[in-house]
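K.L.:
First, the structure itself, so that you have it in front of you.
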Amino acid sequence: MTSSVTSNDAPTPFHDLDAYVALPRTAGLVLSPDGTRLVTSVATLDRKRTAYVTALWEVDPAGERPARRLTRGTTGESGAAFTPDGDLLVTAARPDPEAEGEDDPRPALWLLPRDGGEARLVARRGAGVGGLRVATAAPVVAVTSEVLPHATDDADDDRLRDLRTERKVKAVLHESYPVRYWDHDLGPGTPHAFVGSLDTTPAAAAESDARVALADVTPDARGALREQPVALSPDGRTLVTGWMRPTAGGGQRSLLVAVDVATGERRTLVDDPTTDAGHPEVSPDGRWVAFAAERRSSPTTAPSTHVAVVPLAPVEGGGLPEVRVLAPGWDRWPHGPVWLPDSSGVLVVADDEGRAPVFRLDLDGGEPVRVTADDAAFTDVRVSPDGRTVYALRTSYAAPAHPVRLDLAAVAAGGAPVAAEPLRAPAPLPPLPGTLTEVSTTVEDGRTVRAWLVLPEGAGADAPAPLLLWIHGGPLSSWNAWSWRWNPWIMAARGYAVLLPDPALSTGYGQDFVQAGWGRWGAEPYTDLMAVTDVAVARPDVDETRTAAMGGSFGGYMANWVAGHTDRFRAIVTHASLWALDQFGPTTDAAFYWREEMTPEMEAAYSPHRSVERIVTPVLVVHGDKDYRVPIGEGLRLWWELQSRSGLPADDEGRSPHRFLYFPDENHWVLTPQHAAVWYGTVEAFLAEHVLGRTDEDAVAYPEVLG
């Protein structure tokens with residue numbers, strides 16, 4: 001398949017869609033117990049160039065040796081974790097060497113010896129395993145795996161699964177909500193937590209069929225562990241996890257529970273009807289559990305998130321242990337707590353002014369301490385055993401994720417935040433076709449609204465660039481990290497300036513900033529977007545006469561709202577977008593969540609479909625049929641009403657300037673490389689026609705396969 005936008009002498013990969021989708025993509029980071037090995041994963045195209053395959057790479061923590069590849073499985077590997085002895089565990093869908101006729105292997109647990117040698121299978125279930133966790137001071141592993149409701153044991157579970165396959169039965173009989181999530185159907189199986197002990201003796205290593213006996217420690221889980229990660233105490237004796245509890249009217253809330261691995265006895269650690277608890281991490285000394293605490297929202301009050309700790313030990317005489325919120329007055333939304341080795345505090349990441357730095361929160365109280373000085377976002381934070389060094393993945397709009405290290409000791413000694421030092425990564429950082437800057441404005445209520453602005457090479461007063469306003473999804477999020485799906489540099493390579501604003505509802509600017517747009521989607525978020533766009537187009541290097549707006553998910557909602565409330569843009573692109581709020585709310589995969597904000601009054605006041613007659617701008621609609629978060633009905637209704645009721649309806653021959661790019665087998669995102677190229681190419685062609693006034697065939701990507 002050849003793209004008409006491909007050039008063999010492209011100055012950067014962003015000028016060539018085929019080269020762009022082939023760029024390696026780094027994700028995840030784990031550190032060995034002795035601090036001498038870092039492992040990350042890199043996704044690259046398969047031989048047919050129609051899917052990504054992930055391999056594990058080792059990165060030198062000292063930054064001296066080049067990265068080296070560890071795995072070459074044809075289906076890829078994921079979920080890496082080190083054992084206390086330094087062996088590496090991974091999940092991979094490789095055939096069982098002891099099984100015959102295994103045509104479609106499920107993800108199983110494999111061990112890569114620390115001293116090299118072949119990987120060996122150590123645990124498997126017919127349903128597959130995931131969510132790998134390993135105790136830090138004992139050879140104990142925990143995984144999650146689905147169990148059918150009527151299965152009596154593992155063998156019976158396999159039998160029932162084979163029976164469904166043989167009889168081609170895919171039906172599911174539900175008794176509670178929800179029935180699907182993001183991009184996959186739920187049921188008939190539900191996730192359970194399994195725990196087992198690794199045999200790390202030399203004799204076990206010599207036996208290719210030495211397996212871990214996985215014991216179900218949550219046999220009554222039903223749907224309680226859906227989307228709930230688990231954690232293990234250092235000694236492997238206690239498993240901690242979020243526990244989803246159904247509530248009246250199709251709702252749910254999340255508790256935090258501890259499970260005795262030996263007996264399966266479960267006790268509750270956190271049970272607060274006003275707060276959802278999850279994503280636990282047990283302290284190295286085994287005394288505390290740090291977790292994410294999200295204060296539940298209401299139609300008038302936005303949610304808020306904090307990191308809290310709770311004692312792991314049972315309370316004498318029963319009852320719930322006391323929960324302590326870390327830095328309770330901090331006006332940010334921290335997440336992903338990582339314990340310091342001495343259990344004195346945690347490191348967290350929090351959105352902050354278009355960045356996502358690392359902060360330290362101490363158990364003894366005090367203000368958060370910022371660790372990182374970079375204009376960047378950090379993920380996968382890992383701390384060395386001596387507590388002096390932090391390893392992480394760093395990303396920003398200037399670079400995709402890549403491994404770095406930080407001098408935590410300097411910050412702990414009272415120093416200023418430190419800059420991250422890049423390590424020798426498996427994938428080089430690509431050159432960029434332009435520059436990155438910031439713009440901001442003060443809006444009517446006194447808030448400062450800021451945005452990243454990507455400028456193409458050559459933009460200036462004598463050659464101002466056309467502008468694309470890109471609106472982020474969420475809506476509780478921020479434009480602060482590299483995105484492969486919504487990458488502004490592709491459009492910069494084609495001469496556009498791209499504006500990435502954080503309007504009301506965005507995170508990283510304080511609770512009042514979120515509250516300003518809560519339940520008012522078409523008010524402050526919209527006026528913020530228009531205000532910061534005004535600032536951008538006032539620049540001499542931006543052409544205010546050639547502009548377009550685009551967004552996905554909530555950003556698609558805003559694109560639809562923009563289309564019905566201004567004609568300042570020449571084109572609108574709306575991806576996976578909310579159109580009719582009264583229809584969206586009950587049909588999305590998590591109706592209970594939206595019900596906490598979306599009242600009938602909000603639906604009536606801020607539903608874009610009520611302004612369809614006012615849309616006089618050409619709109620490109622993009623939707624995937626497997627999208628469960630914003631169901632396909634939103635895109636279908638939007639497309640019909642653009643054709644039949646908009647200010648630019650179809651003519652007598654059924655033609656209009658609007659377009660609908662439909663993906664039958666994509667979900668909320670467009671994930672396959674060939675479809676990502678089609679997405680970018682179609683967006684470019686649509687904008688070229690309406691923003692640049694160009695209709696030549698060179699503006700069309702993959703015309704031979706689009707039809």
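FYI, nothing fancy with the structure tokens labels: chains A, B, ... in order, residues from 1 per chain, ligands from 1 as they appear.
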Looking only at strand (DSSP E or B) from DSSP on the backbone, list the matching residues of range 288-401 of chain A as an MDAnalysis selection string.
P.N.:
chainID A and resid 288:295 304:311 324:325 335:339 345:349 352 355:356 358:362 369:370 372 377:383 389:396 399:401
K.L.:
Write out as a ChimeraX atom specification each polymer residue whose atoms come within 9 Å of His675 in chain A, counting only C-alpha atoms; drop sequence neighbours fewer than 5 positions from it.
P.N.:
/A:50,663,666,670,680
K.L.:
Do a neighbour search on Pro246 in chain A at 10 Å with only C-alpha atoms, toss out local chain neighbours closer than 4 positions, and write the hits as a list in words.
P.N.:
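Once the adjacent positions are removed, what remains is Ser176, Tyr177, Pro178, Gly223, Ala224, Gly250, Gly251, Gln252, Arg253 and Ser254 of chain A.
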K.L.:
Quote the spacing between CA of Pro337 in chain A and CA of Leu132 in chain A in Å to one decimal place.
P.N.:
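Straight-line distance from CA of Pro337 in chain A to CA of Leu132 in chain A works out to 17.6 Å.
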K.L.:
Skipping near chain neighbours, those fewer than 5 positions away, what residues fall within 9 Å of range 82-86 of chain A using only C-alpha atoms, listed as a list in words?
P.N.:
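Using only C-alpha atoms, the neighbours found are Val30, Leu31, Ser32, Pro33, Asp34, Arg37, Pro113, Arg114, Val134, Ala135, Thr136, Ala137, Ala138, Pro139, Val140, Val141, Leu198 and Thr200 of chain A.
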K.L.:
Given only C-alpha atoms as the basis, pick out the residue of A:Val240, A:Val195, A:Ala688, A:Ala27 nearest to Pro400 in chain A.
P.N.:
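Selected residue with least distance to Pro400 in chain A: A:Ala27.
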K.L.:
I'd like to know which of A:His623, A:His575, A:Arg180, A:Arg69 is closest to Thr587 in chain A, using only C-alpha atoms.
P.N.:
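Among the listed residues, A:Arg180 lies closest to Thr587 in chain A.
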K.L.:
If you count only C-alpha atoms, which residues fall within 9 Å of range 450-452 of chain A, apart from same-chain ones fewer than 5 positions away, as an MDAnalysis selection string?
P.N.:
chainID A and resid 353:354 397 436:442 479:480 498:503 532
K.L.:
Which residue gives the smallest distance to Thr682 in chain A among A:Leu17, A:Asp115, A:Thr201, A:Gly458, with only C-alpha atoms counted?
P.N.:
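When distances to Thr682 in chain A are compared using only C-alpha atoms, the smallest one comes from A:Leu17.
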K.L.:
Just checking: using only C-alpha atoms, which residue out of A:Ile632, A:Ala420, A:Val59, A:Val678 ends up closest to Thr36 in chain A?
P.N.:
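So, comparing all the options, the nearest one is A:Val59.
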